[in-house]
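Asker: Contents of my_file-v3.cif (mmCIF, C-alpha atoms) are given next:
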```cif
data_structure
loop_
_atom_site.label_atom_id
_atom_site.label_comp_id
_atom_site.auth_asym_id
_atom_site.auth_seq_id
_atom_site.Cartn_x
_atom_site.Cartn_y
_atom_site.Cartn_z
CA MET D 1 -24.06 -15.74 -14.62
CA SER D 2 -23.52 -18.24 -11.87
CA ARG D 3 -20.71 -20.17 -13.49
CA ARG D 4 -17.56 -20.76 -11.49
CA ALA D 5 -14.38 -21.23 -13.40
CA THR D 6 -10.79 -20.13 -13.28
CA ARG D 7 -9.39 -18.90 -16.54
CA SER D 8 -6.04 -17.39 -17.25
CA TRP D 9 -5.72 -14.20 -19.21
CA VAL D 10 -1.97 -14.53 -19.72
CA GLY D 11 -2.48 -15.18 -23.42
CA ALA D 12 -4.77 -12.20 -23.83
CA LEU D 13 -2.25 -9.96 -22.12
CA GLY D 14 0.53 -11.15 -24.37
CA ALA D 15 -1.56 -10.44 -27.43
CA LEU D 16 -2.71 -6.99 -26.34
CA CYS D 17 0.20 -5.39 -24.53
CA LEU D 18 2.41 -3.39 -26.87
CA SER D 19 5.96 -2.31 -26.16
CA SER D 20 4.62 1.06 -25.03
CA CYS D 21 2.74 -0.52 -22.11
CA GLY D 22 3.88 0.27 -18.63
CA GLY D 23 3.72 -2.18 -15.77
CA SER D 24 4.52 -2.87 -12.16
CA ASP D 25 5.82 -5.74 -10.13
CA GLY D 26 3.84 -4.37 -7.18
CA ALA D 27 0.58 -6.09 -8.09
CA GLY D 28 2.17 -9.47 -8.76
CA ASP D 29 0.29 -12.49 -10.11
CA VAL D 30 -3.04 -12.39 -8.33
CA ALA D 31 -6.57 -13.69 -8.71
CA LEU D 32 -9.11 -11.02 -9.53
CA GLU D 33 -12.57 -11.87 -8.22
CA VAL D 34 -15.57 -10.81 -10.26
CA MET D 35 -19.12 -10.34 -9.02
CA ASP D 36 -21.55 -10.67 -11.92
CA LEU D 37 -24.37 -8.10 -11.87
CA ASP D 38 -25.98 -9.05 -15.19
CA PRO D 39 -27.18 -12.65 -15.65
CA ASN D 40 -27.54 -12.01 -19.38
CA SER D 41 -23.90 -10.93 -19.77
CA GLY D 42 -23.52 -8.43 -22.61
CA ALA D 43 -27.26 -8.09 -23.21
CA ALA D 44 -27.21 -4.94 -21.04
CA THR D 45 -30.13 -5.94 -18.84
CA VAL D 46 -28.05 -4.25 -16.13
CA VAL D 47 -25.94 -1.13 -16.78
CA VAL D 48 -23.73 0.35 -14.06
CA GLU D 49 -21.21 3.16 -14.44
CA SER D 50 -20.07 4.14 -10.96
CA ILE D 51 -19.29 2.61 -7.58
CA THR D 52 -18.78 4.07 -4.13
CA ALA D 53 -18.44 2.94 -0.52
CA ASP D 54 -19.89 4.19 2.76
CA SER D 55 -17.99 4.75 5.99
CA GLN D 56 -18.47 1.10 6.93
CA GLY D 57 -16.88 -0.12 3.69
CA ARG D 58 -20.13 -1.27 2.10
CA LEU D 59 -20.30 -0.86 -1.69
CA TYR D 60 -23.05 0.79 -3.72
CA VAL D 61 -23.85 0.77 -7.45
CA ALA D 62 -26.83 2.17 -9.37
CA ASP D 63 -28.50 0.34 -12.26
CA ARG D 64 -29.36 2.59 -15.18
CA VAL D 65 -31.97 0.16 -16.51
CA THR D 66 -34.20 -0.16 -13.44
CA GLY D 67 -33.09 2.86 -11.42
CA ASN D 68 -32.38 0.57 -8.47
CA LEU D 69 -29.60 1.45 -6.07
CA TRP D 70 -27.88 -1.67 -4.77
CA GLN D 71 -25.88 -2.18 -1.62
CA ILE D 72 -23.21 -4.79 -2.31
CA ASP D 73 -21.79 -7.28 0.16
CA ALA D 74 -18.44 -8.01 -1.48
CA GLN D 75 -17.65 -10.88 0.90
CA LYS D 76 -20.90 -12.71 0.21
CA ALA D 77 -21.11 -11.59 -3.42
CA SER D 78 -24.71 -10.50 -2.81
CA LYS D 79 -26.74 -7.37 -3.46
CA ALA D 80 -29.87 -5.75 -2.06
CA VAL D 81 -31.98 -2.85 -3.36
CA VAL D 82 -31.78 -0.04 -0.77
CA ALA D 83 -33.23 2.87 -2.79
CA GLU D 84 -34.65 3.72 -6.18
CA ILE D 85 -34.19 6.54 -8.65
CA LEU D 86 -37.39 7.21 -10.57
CA ALA D 87 -37.73 8.32 -14.17
CA ARG D 88 -39.10 11.83 -14.56
CA GLN D 89 -40.97 14.03 -17.00
CA ILE D 90 -38.70 16.71 -18.43
CA ASN D 91 -40.29 19.21 -20.82
CA ASP D 92 -42.22 17.11 -23.35
CA MET D 93 -40.46 13.85 -22.50
CA PRO D 94 -42.61 11.92 -20.01
CA ALA D 95 -40.20 9.18 -18.88
CA VAL D 96 -36.60 10.40 -18.89
CA LYS D 97 -34.28 7.94 -17.22
CA PRO D 98 -32.00 9.32 -14.50
CA ASP D 99 -28.93 7.50 -15.91
CA PRO D 100 -27.07 7.60 -12.57
CA ALA D 101 -23.35 8.23 -12.90
CA GLY D 102 -20.85 9.32 -10.23
CA MET D 103 -21.70 8.73 -6.57
CA VAL D 104 -20.22 9.81 -3.24
CA PHE D 105 -21.23 9.78 0.42
CA ASP D 106 -21.19 13.03 2.38
CA ALA D 107 -20.23 13.46 6.03
CA ARG D 108 -23.83 12.87 7.14
CA GLY D 109 -23.97 9.51 5.40
CA ASP D 110 -26.28 10.76 2.65
CA LEU D 111 -25.56 9.42 -0.83
CA LEU D 112 -25.14 11.95 -3.67
CA ILE D 113 -25.64 10.76 -7.25
CA ALA D 114 -24.98 12.53 -10.56
CA SER D 115 -27.93 12.25 -12.94
CA ALA D 116 -28.86 12.87 -16.57
CA PHE D 117 -31.51 15.25 -15.22
CA ALA D 118 -28.65 17.81 -15.09
CA GLU D 119 -28.96 17.40 -11.35
CA VAL D 120 -27.23 15.80 -8.41
CA LEU D 121 -29.67 13.62 -6.51
CA ARG D 122 -29.54 12.69 -2.84
CA VAL D 123 -30.69 9.66 -0.89
CA ALA D 124 -30.76 10.40 2.84
CA ALA D 125 -28.86 7.95 5.03
CA ALA D 126 -32.07 6.87 6.75
CA ASP D 127 -33.64 6.03 3.38
CA LEU D 128 -30.91 3.56 2.38
CA ASN D 129 -32.94 0.64 3.61
CA ALA D 130 -33.27 -2.84 2.13
CA ALA D 131 -36.50 -3.45 4.09
CA SER D 132 -38.09 -0.25 2.79
CA PRO D 133 -36.05 1.28 -0.06
CA GLY D 134 -36.09 5.07 -0.16
CA ARG D 135 -36.09 7.43 -3.12
CA ALA D 136 -33.53 9.80 -4.55
CA ARG D 137 -34.52 13.45 -4.54
CA THR D 138 -33.01 16.61 -6.02
CA PHE D 139 -29.99 18.01 -4.17
CA ALA D 140 -28.38 20.31 -6.74
CA THR D 141 -29.38 21.71 -10.12
CA GLY D 142 -27.67 23.31 -13.11
CA VAL D 143 -25.05 20.60 -13.73
CA ALA D 144 -25.37 19.81 -17.44
CA GLY D 145 -23.58 16.59 -18.35
CA ALA D 146 -23.24 15.63 -14.65
CA ASN D 147 -20.72 12.80 -14.48
CA ALA D 148 -18.28 12.32 -11.59
CA LEU D 149 -18.47 13.69 -8.04
CA VAL D 150 -15.96 14.47 -5.29
CA LEU D 151 -16.31 16.25 -1.94
CA ASP D 152 -13.72 18.43 -0.22
CA GLY D 153 -13.14 18.72 3.52
CA GLN D 154 -15.58 21.64 3.83
CA GLY D 155 -18.42 19.69 2.26
CA ASN D 156 -18.23 21.42 -1.12
CA LEU D 157 -19.21 19.11 -3.97
CA TYR D 158 -17.41 19.19 -7.31
CA VAL D 159 -19.19 17.84 -10.37
CA SER D 160 -17.64 17.11 -13.76
CA GLY D 161 -19.69 17.98 -16.83
CA GLY D 162 -18.56 15.37 -19.35
CA ALA D 163 -18.38 16.70 -22.91
CA THR D 164 -19.29 20.22 -21.76
CA GLY D 165 -15.87 20.49 -20.12
CA ASN D 166 -17.50 22.27 -17.19
CA ILE D 167 -16.51 21.69 -13.58
CA TYR D 168 -19.25 22.78 -11.19
CA ARG D 169 -19.19 23.42 -7.46
CA VAL D 170 -22.09 23.04 -5.05
CA GLY D 171 -22.13 24.06 -1.38
CA PRO D 172 -22.90 21.65 1.47
CA ASP D 173 -26.60 22.55 1.40
CA GLY D 174 -27.08 21.95 -2.33
CA GLY D 175 -29.04 24.25 -4.61
CA GLU D 176 -27.98 25.84 -7.88
CA ALA D 177 -24.45 24.91 -8.90
CA GLU D 178 -21.82 27.50 -9.75
CA MET D 179 -19.30 27.28 -12.57
CA PHE D 180 -15.91 26.52 -11.04
CA ALA D 181 -13.57 25.73 -13.93
CA LYS D 182 -13.57 24.50 -17.51
CA ILE D 183 -11.55 22.05 -19.61
CA ASP D 184 -11.30 23.05 -23.27
CA SER D 185 -13.18 20.96 -25.82
CA PHE D 186 -11.43 18.19 -27.73
CA THR D 187 -12.52 15.31 -29.95
CA ARG D 188 -10.68 12.07 -30.67
CA SER D 189 -11.61 9.33 -33.12
CA VAL D 190 -11.57 5.97 -31.35
CA PRO D 191 -10.43 2.96 -33.40
CA PRO D 192 -11.51 0.75 -35.02
CA ASP D 193 -14.98 2.18 -35.76
CA GLY D 194 -14.20 5.90 -35.54
CA PHE D 195 -16.45 6.65 -32.56
CA MET D 196 -15.96 10.35 -31.75
CA GLN D 197 -14.99 10.71 -28.09
CA THR D 198 -15.72 14.21 -26.75
CA VAL D 199 -15.73 13.73 -22.95
CA VAL D 200 -13.03 15.99 -21.50
CA ALA D 201 -14.26 16.30 -17.89
CA ASN D 202 -14.79 12.85 -16.45
CA GLY D 203 -13.40 11.29 -13.25
CA LEU D 204 -12.51 13.56 -10.31
CA ALA D 205 -10.20 13.30 -7.30
CA LEU D 206 -8.65 15.69 -4.80
CA ASP D 207 -4.92 15.26 -4.15
CA ALA D 208 -3.07 15.74 -0.86
CA SER D 209 -2.56 19.45 -1.56
CA GLY D 210 -6.28 19.97 -2.09
CA ALA D 211 -5.96 20.42 -5.87
CA LEU D 212 -8.71 19.00 -8.06
CA LEU D 213 -7.68 16.34 -10.60
CA VAL D 214 -9.84 15.86 -13.70
CA ALA D 215 -9.69 12.84 -16.01
CA ASP D 216 -9.83 13.85 -19.70
CA THR D 217 -11.19 10.82 -21.56
CA ALA D 218 -10.87 12.33 -25.02
CA ARG D 219 -7.26 13.55 -24.77
CA GLY D 220 -5.99 10.70 -22.61
CA ALA D 221 -4.85 13.12 -19.92
CA ILE D 222 -5.30 14.28 -16.34
CA TRP D 223 -5.66 17.97 -15.51
CA LYS D 224 -4.79 19.62 -12.21
CA ILE D 225 -6.71 22.61 -10.90
CA ALA D 226 -5.16 24.35 -7.90
CA ILE D 227 -7.61 25.99 -5.48
CA ASP D 228 -6.50 29.13 -3.63
CA SER D 229 -7.30 30.09 -0.04
CA ASP D 230 -10.39 31.98 -1.22
CA GLY D 231 -11.73 28.87 -2.95
CA LYS D 232 -11.05 30.17 -6.45
CA ALA D 233 -9.78 27.89 -9.20
CA ALA D 234 -6.49 28.46 -10.97
CA ALA D 235 -6.32 27.75 -14.69
CA PRO D 236 -6.21 23.99 -15.37
CA THR D 237 -2.74 22.61 -16.09
CA GLN D 238 -2.12 19.28 -17.75
CA MET D 239 -0.56 16.99 -15.16
CA ILE D 240 0.06 14.06 -17.52
CA ALA D 241 -0.96 12.84 -20.96
CA SER D 242 -0.31 9.44 -22.52
CA PRO D 243 -1.77 7.07 -25.13
CA MET D 244 -2.19 4.67 -22.20
CA LEU D 245 -4.73 7.11 -20.74
CA GLU D 246 -6.94 7.31 -23.83
CA GLY D 247 -10.29 6.40 -22.32
CA ILE D 248 -9.36 7.38 -18.74
CA ASP D 249 -12.58 7.41 -16.75
CA GLY D 250 -12.82 7.07 -12.97
CA ILE D 251 -9.79 8.01 -10.85
CA SER D 252 -9.19 7.43 -7.15
CA PHE D 253 -6.43 7.51 -4.56
CA ASP D 254 -5.77 4.34 -2.58
CA PRO D 255 -5.08 4.45 1.19
CA ALA D 256 -1.34 4.80 0.55
CA GLY D 257 -1.85 7.88 -1.64
CA MET D 258 -1.33 6.20 -5.02
CA LEU D 259 -3.53 7.48 -7.86
CA TRP D 260 -5.33 4.72 -9.79
CA GLY D 261 -7.38 5.06 -12.96
CA ALA D 262 -9.87 2.96 -14.91
CA VAL D 263 -9.14 3.26 -18.64
CA ASN D 264 -12.43 2.21 -20.14
CA GLU D 265 -11.88 1.67 -23.87
CA GLN D 266 -8.56 -0.12 -23.34
CA ASN D 267 -9.77 -2.47 -20.57
CA GLU D 268 -6.95 -1.25 -18.33
CA ILE D 269 -6.33 -0.40 -14.71
CA VAL D 270 -3.33 1.89 -14.29
CA THR D 271 -1.51 3.83 -11.62
CA ILE D 272 -0.01 7.28 -12.12
CA ALA D 273 3.14 8.19 -10.20
CA GLY D 274 6.28 10.19 -10.80
CA GLY D 275 5.04 11.52 -14.12
CA LYS D 276 4.55 8.00 -15.49
CA VAL D 277 1.58 5.77 -16.23
CA ASN D 278 2.08 2.23 -14.94
CA MET D 279 0.04 -0.64 -16.33
CA MET D 280 -1.42 -2.81 -13.58
CA PHE D 281 -4.03 -4.95 -15.34
CA LYS D 282 -5.19 -5.30 -18.93
CA ASN D 283 -7.18 -7.85 -20.93
CA ASP D 284 -9.19 -8.35 -24.10
CA SER D 285 -12.99 -8.49 -24.41
CA ASN D 286 -13.22 -11.68 -22.33
CA GLY D 287 -12.61 -9.71 -19.14
CA PRO D 288 -12.48 -9.46 -16.23
CA LEU D 289 -12.08 -5.76 -17.16
CA GLU D 290 -14.87 -4.88 -19.58
CA TYR D 291 -14.89 -1.13 -20.22
CA PRO D 292 -13.99 -0.34 -16.59
CA SER D 293 -15.45 3.02 -15.63
CA ALA D 294 -14.86 3.66 -11.92
CA ILE D 295 -12.73 2.51 -8.99
CA VAL D 296 -13.12 2.86 -5.22
CA PHE D 297 -11.05 1.62 -2.27
CA ALA D 298 -12.71 0.15 0.82
CA GLY D 299 -11.99 -2.50 3.42
CA GLY D 300 -8.50 -3.32 2.23
CA SER D 301 -9.39 -3.83 -1.44
CA GLY D 302 -10.01 -1.83 -4.57
CA TYR D 303 -13.24 -2.33 -6.52
CA VAL D 304 -13.75 -1.57 -10.20
CA VAL D 305 -17.12 -1.42 -11.92
CA ASN D 306 -17.54 -2.48 -15.56
CA LEU D 307 -19.83 -0.42 -17.80
CA ASP D 308 -19.24 -2.96 -20.61
CA ARG D 309 -19.48 -0.85 -23.76
CA PRO D 310 -18.51 -2.19 -27.23
CA ARG D 311 -15.59 0.11 -27.89
CA ARG D 312 -11.95 -0.42 -28.89
CA ASP D 313 -10.47 -3.31 -26.86
CA ASN D 314 -13.86 -4.29 -25.46
CA PHE D 315 -15.42 -5.18 -28.79
CA ALA D 316 -16.43 -8.83 -28.74
CA ALA D 317 -15.04 -11.23 -31.30
CA ASP D 318 -17.90 -10.28 -33.64
CA GLY D 319 -16.51 -6.74 -33.79
CA THR D 320 -19.85 -5.06 -33.10
CA THR D 321 -21.03 -6.00 -29.58
CA SER D 322 -19.69 -6.53 -26.06
CA LEU D 323 -21.23 -9.99 -25.68
CA ASP D 324 -17.94 -11.58 -24.64
CA GLY D 325 -17.16 -11.85 -20.94
CA VAL D 326 -19.36 -11.47 -17.88
CA GLY D 327 -20.99 -8.09 -18.63
CA ALA D 328 -21.88 -5.56 -15.93
CA SER D 329 -19.79 -6.56 -12.93
CA ILE D 330 -17.57 -5.58 -10.02
CA VAL D 331 -13.90 -6.57 -10.10
CA THR D 332 -11.75 -6.75 -6.96
CA VAL D 333 -8.14 -5.55 -7.26
CA PRO D 334 -5.34 -5.24 -4.69
CA ASP D 335 -4.93 -1.78 -3.19
CA ALA D 336 -1.29 -2.04 -2.16
CA ALA D 337 0.59 0.91 -3.62
CA PRO D 338 2.92 -0.45 -6.33
CA SER D 339 6.38 0.82 -7.07
CA ALA D 340 6.78 2.82 -10.25
CA ALA D 341 7.94 0.74 -13.21
CA PRO D 342 9.55 1.56 -16.54
CA ALA D 343 7.22 2.11 -19.45
CA THR D 344 8.41 -1.01 -21.23
CA SER D 345 7.82 -3.51 -18.42
CA THR D 346 5.20 -6.25 -18.66
CA PRO D 347 1.82 -5.93 -16.89
CA SER D 348 0.70 -8.44 -14.31
CA THR D 349 -0.94 -11.60 -15.58
CA PRO D 350 -3.68 -12.49 -13.11
CA THR D 351 -6.45 -15.05 -13.35
CA VAL D 352 -10.15 -14.44 -12.81
CA VAL D 353 -12.68 -16.37 -10.77
CA PRO D 354 -16.27 -15.37 -11.70
CA ASN D 355 -18.70 -15.88 -8.80
CA SER D 356 -22.40 -15.34 -9.29
CA SER D 357 -20.58 -3.92 -15.26
CA GLY D 358 -18.41 7.06 -18.42
CA TYR D 359 -18.68 6.96 -21.43
#
```
Will you turn the file into structure tokens for me?
Answerer:
Amino acid sequence: MSRRATRSWVGALGALCLSSCGGSDGAGDVALEVMDLDPNSGAATVVVESITADSQGRLYVADRVTGNLWQIDAQKASKAVVAEILARQINDMPAVKPDPAGMVFDARGDLLIASAFAEVLRVAAADLNAASPGRARTFATGVAGANALVLDGQGNLYVSGGATGNIYRVGPDGGEAEMFAKIDSFTRSVPPDGFMQTVVANGLALDASGALLVADTARGAIWKIAIDSDGKAAAPTQMIASPMLEGIDGISFDPAGMLWGAVNEQNEIVTIAGGKVNMMFKNDSNGPLEYPSAIVFAGGSGYVVNLDRPRRDNFAADGTTSLDGVGASIVTVPDAAPSAAPATSTPSTPTVVPNSSGY
């Protein structure tokens, strides 16, 4: 879409926020800018699940439909194809899509991408080129359900395994992944259609102590896995659980050390601090949050990518699609660390200015 309009979502917030919602005065009343990635809105001609940034603050998303990897200029609201991820024959299936998910840059500037091939793919820094787009190639294998990625200071890559509950670890040179930890299985029925959510190992982040945090989409929880001096994982412990986290997907720390989360099925952006979940932004199916699945901080702002699935609060008015709103898109949010707020406070009521998308 190329429409430009300013629309308030105050009314939507009032209708959707229950007394159990948290909030924060830290975000204030702000304008959230949206970059449209799908000119056909909810028709899913573009599908993006993850977003990352390089050392220069440039944004990257991968389109599941075409396999194109886009470099995003957030200031100009423009995109350019810098690499491609090709479909592949797997067993008797000749054209399996890579379905790119979590992405992260390593210290060399190479881009690592989780894929439905049960692999982590890599695009070398030199191949991220708009003039001559490179190709993603295998970096690590043996990561069934590969979803989110995070790197530690030694270059070890951690990979979440979605509904498998597995957490894998891969060394700096790639190769066959090792089992690192596991989150127990769980299934939750998602209203109103009873979709069975089974993803227990989704978004990943490393906290200041070096512990691995795992977003549990099905339970609405975040797990903490301490790592000892020998690199071994302690048993996962539940750091926090809340109905406000049902659908928690991507998680990320901002520059001030505040943990943020994208809560996909509830069209929410939250912060987690002091054992509480604080509502920052929430809306109905008209966006700007439309099944938000990942968040990254770069260049003084936070950026959220919308996967735009018809589920729970992101069902369109027809109750069966996600045709409301802008579709696959990138939403800009403030990255200033908010103060913790009581669970009964009211979330911010921003406006949105459209300008051109874990299960």
Asker: Go through the shown structure with the PyMOL selection byres ((chain D and resi 225) around 9) and write out the matching residues as a PyMOL selection string.
Answerer: chain D and resi 181+211-214+223-224+226-227+233-238
Asker: Just to confirm, what's the straight-line distance from CA of Ala208 in chain D to CA of Gly257 in chain D in Å (one decimal)?
Answerer: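 Computed distance, CA of Ala208 in chain D to CA of Gly257 in chain D, equals 8.0 Å.
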Asker: Which residues come within 8 Å of range 146-150 of chain D, counting all atoms listed in the file, excluding same-chain residues fewer than 2 positions away, as a tab-separated table (two decimals) with C-alpha atoms, in the coordinates of the input?
Answerer:
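See out_20.tsv below for the written result:
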```tsv
chain	number	residue	atom	x	y	z
D	101	ALA	CA	-23.35	8.23	-12.90
D	102	GLY	CA	-20.85	9.32	-10.23
D	103	MET	CA	-21.70	8.73	-6.57
D	104	VAL	CA	-20.22	9.81	-3.24
D	113	ILE	CA	-25.64	10.76	-7.25
D	114	ALA	CA	-24.98	12.53	-10.56
D	115	SER	CA	-27.93	12.25	-12.94
D	116	ALA	CA	-28.86	12.87	-16.57
D	118	ALA	CA	-28.65	17.81	-15.09
D	119	GLU	CA	-28.96	17.40	-11.35
D	120	VAL	CA	-27.23	15.80	-8.41
D	143	VAL	CA	-25.05	20.60	-13.73
D	144	ALA	CA	-25.37	19.81	-17.44
D	152	ASP	CA	-13.72	18.43	-0.22
D	157	LEU	CA	-19.21	19.11	-3.97
D	158	TYR	CA	-17.41	19.19	-7.31
D	159	VAL	CA	-19.19	17.84	-10.37
D	160	SER	CA	-17.64	17.11	-13.76
D	161	GLY	CA	-19.69	17.98	-16.83
D	162	GLY	CA	-18.56	15.37	-19.35
D	202	ASN	CA	-14.79	12.85	-16.45
D	203	GLY	CA	-13.40	11.29	-13.25
D	204	LEU	CA	-12.51	13.56	-10.31
D	205	ALA	CA	-10.20	13.30	-7.30
D	206	LEU	CA	-8.65	15.69	-4.80
D	250	GLY	CA	-12.82	7.07	-12.97
D	358	GLY	CA	-18.41	7.06	-18.42
```
Asker: For the file shown, what are the residues hit by the PyMOL selection byres ((chain D and resi 294) around 7), laid out as a list in words?
Answerer: Glu49, Ser50, Ile51, Asp249, Gly250, Ile251, Ala262, Pro292, Ser293, Ile295, Val296, Val304 and Val305 of chain D
Asker: Would you please work out which residue, of D:Asp99, D:Asp73, D:Asp193, D:Asp54, is nearest to Met35 in chain D when using only C-alpha atoms?
Answerer: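 The shortest atom-to-atom distance to Met35 in chain D comes from D:Asp73.
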Asker: For each of D:Ala74, D:Val61, D:Ala218, D:Ile248, take the minimum atom-to-atom distance to Val48 in chain D, counting all atoms listed in the file, then give the residue where this is smallest.
Answerer: D:Val61
Asker: Name every residue that the PyMOL selection byres ((chain D and resi 53) around 8) selects in this structure, writing the answer as a ChimeraX atom specification with chains first and numbers rising.
Answerer: /D:51-52,54-60,104-105,296-298
Asker: Deliver the residues from the most recent selection as a file, using C-alpha atoms, as a short mmCIF file (atom, residue, chain, number, x, y, z; two decimals), keeping the file's coordinate frame.
Answerer:
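File written: selection-v4.cif
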```cif
data_model
loop_
_atom_site.label_atom_id
_atom_site.label_comp_id
_atom_site.auth_asym_id
_atom_site.auth_seq_id
_atom_site.Cartn_x
_atom_site.Cartn_y
_atom_site.Cartn_z
CA ILE D 51 -19.29 2.61 -7.58
CA THR D 52 -18.78 4.07 -4.13
CA ASP D 54 -19.89 4.19 2.76
CA SER D 55 -17.99 4.75 5.99
CA GLN D 56 -18.47 1.10 6.93
CA GLY D 57 -16.88 -0.12 3.69
CA ARG D 58 -20.13 -1.27 2.10
CA LEU D 59 -20.30 -0.86 -1.69
CA TYR D 60 -23.05 0.79 -3.72
CA VAL D 104 -20.22 9.81 -3.24
CA PHE D 105 -21.23 9.78 0.42
CA VAL D 296 -13.12 2.86 -5.22
CA PHE D 297 -11.05 1.62 -2.27
CA ALA D 298 -12.71 0.15 0.82
#
```
Asker: Kindly give the distance, in Å, that separates CA of Ser329 in chain D and CA of Leu32 in chain D, rounded to a single decimal.
Answerer: 12.1 Å
Asker: May I ask which of the residues D:Ile240, D:Met93, D:Asn286, D:Ala201 is the closest one to Ala273 in chain D, counting only C-alpha atoms?
Answerer: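 Using only C-alpha atoms, Ala273 in chain D sits closest to D:Ile240.
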Asker: Take CA of Glu246 in chain D and CA of Trp260 in chain D and report the distance between them in Å, one decimal.
Answerer: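 Straight-line distance from CA of Glu246 in chain D to CA of Trp260 in chain D works out to 14.4 Å.
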Asker: For Leu289 in chain D, which residue among D:Ala43, D:Gly302, D:Ala328, D:Thr320 is the nearest when counting all atoms listed in the file?
Answerer: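 Closest residue, counting all atoms listed in the file: D:Ala328.
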Asker: For Pro334 in chain D, which residue among D:Gln266, D:Thr138, D:Thr164, D:Ser301 is the nearest when counting only C-alpha atoms?
Answerer: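 Of all the options, D:Ser301 lies closest to Pro334 in chain D.
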Asker: Select, from D:Pro172, D:Ser285, D:Ala177, D:Gly274, the residue with the minimum atom-to-atom distance to Asp318 in chain D, counting all atoms listed in the file.
Answerer: D:Ser285
Asker: Kindly compute an axis-aligned box around the listed atoms of range 110-127 of chain D, allowing 8 Å on each side, and express its centre and edge lengths in Å to one decimal as lines of an AutoDock Vina configuration file.
Answerer:
```
center_x = -29.3
center_y = 11.9
center_z = -4.9
size_x = 24.7
size_y = 27.8
size_z = 39.3
```
Asker: Need the neighbours of (-21.8, -13.5, -24.5): which residues are at most 8 Å away, counting all atoms listed in the file, as a PyMOL selection string?
Answerer: chain D and resi 40-43+322-326
Asker: Pull C-alpha atoms from the residues just selected and write them as a PDB file, in the frame of the given file.
Answerer:
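Result file follows (out-v1.pdb):
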```pdb
ATOM      1  CA  ASN D  40     -27.540 -12.010 -19.380  1.00  0.00           C
ATOM      2  CA  SER D  41     -23.900 -10.930 -19.770  1.00  0.00           C
ATOM      3  CA  GLY D  42     -23.520  -8.430 -22.610  1.00  0.00           C
ATOM      4  CA  ALA D  43     -27.260  -8.090 -23.210  1.00  0.00           C
ATOM      5  CA  SER D 322     -19.690  -6.530 -26.060  1.00  0.00           C
ATOM      6  CA  LEU D 323     -21.230  -9.990 -25.680  1.00  0.00           C
ATOM      7  CA  ASP D 324     -17.940 -11.580 -24.640  1.00  0.00           C
ATOM      8  CA  GLY D 325     -17.160 -11.850 -20.940  1.00  0.00           C
ATOM      9  CA  VAL D 326     -19.360 -11.470 -17.880  1.00  0.00           C
TER      10      VAL D 326
END
```
Asker: Find the residues near Glu268 in chain D: any atom within 9 Å, counting all atoms listed in the file, skip ones fewer than 6 places away on the same chain, and give them as a PyMOL selection string.
Answerer: chain D and resi 244-245+248+261-262+279-283+289-292
Asker: Distance cut-off 10 Å, centre (-9.6, -2.2, -26.6) in file coordinates, counting all atoms listed in the file: which residues qualify? Return them as a ChimeraX atom specification.
Answerer: /D:16,190-192,247,263-268,282-285,290-291,310-316
Asker: Would you save the residues of that selection, restricted to C-alpha atoms, as a PDB file, in the frame of the given file?
Answerer:
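As written to disk, result.pdb reads:
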```pdb
ATOM      1  CA  LEU D  16      -2.710  -6.990 -26.340  1.00  0.00           C
ATOM      2  CA  VAL D 190     -11.570   5.970 -31.350  1.00  0.00           C
ATOM      3  CA  PRO D 191     -10.430   2.960 -33.400  1.00  0.00           C
ATOM      4  CA  PRO D 192     -11.510   0.750 -35.020  1.00  0.00           C
ATOM      5  CA  GLY D 247     -10.290   6.400 -22.320  1.00  0.00           C
ATOM      6  CA  VAL D 263      -9.140   3.260 -18.640  1.00  0.00           C
ATOM      7  CA  ASN D 264     -12.430   2.210 -20.140  1.00  0.00           C
ATOM      8  CA  GLU D 265     -11.880   1.670 -23.870  1.00  0.00           C
ATOM      9  CA  GLN D 266      -8.560  -0.120 -23.340  1.00  0.00           C
ATOM     10  CA  ASN D 267      -9.770  -2.470 -20.570  1.00  0.00           C
ATOM     11  CA  GLU D 268      -6.950  -1.250 -18.330  1.00  0.00           C
ATOM     12  CA  LYS D 282      -5.190  -5.300 -18.930  1.00  0.00           C
ATOM     13  CA  ASN D 283      -7.180  -7.850 -20.930  1.00  0.00           C
ATOM     14  CA  ASP D 284      -9.190  -8.350 -24.100  1.00  0.00           C
ATOM     15  CA  SER D 285     -12.990  -8.490 -24.410  1.00  0.00           C
ATOM     16  CA  GLU D 290     -14.870  -4.880 -19.580  1.00  0.00           C
ATOM     17  CA  TYR D 291     -14.890  -1.130 -20.220  1.00  0.00           C
ATOM     18  CA  PRO D 310     -18.510  -2.190 -27.230  1.00  0.00           C
ATOM     19  CA  ARG D 311     -15.590   0.110 -27.890  1.00  0.00           C
ATOM     20  CA  ARG D 312     -11.950  -0.420 -28.890  1.00  0.00           C
ATOM     21  CA  ASP D 313     -10.470  -3.310 -26.860  1.00  0.00           C
ATOM     22  CA  ASN D 314     -13.860  -4.290 -25.460  1.00  0.00           C
ATOM     23  CA  PHE D 315     -15.420  -5.180 -28.790  1.00  0.00           C
ATOM     24  CA  ALA D 316     -16.430  -8.830 -28.740  1.00  0.00           C
TER      25      ALA D 316
END
```
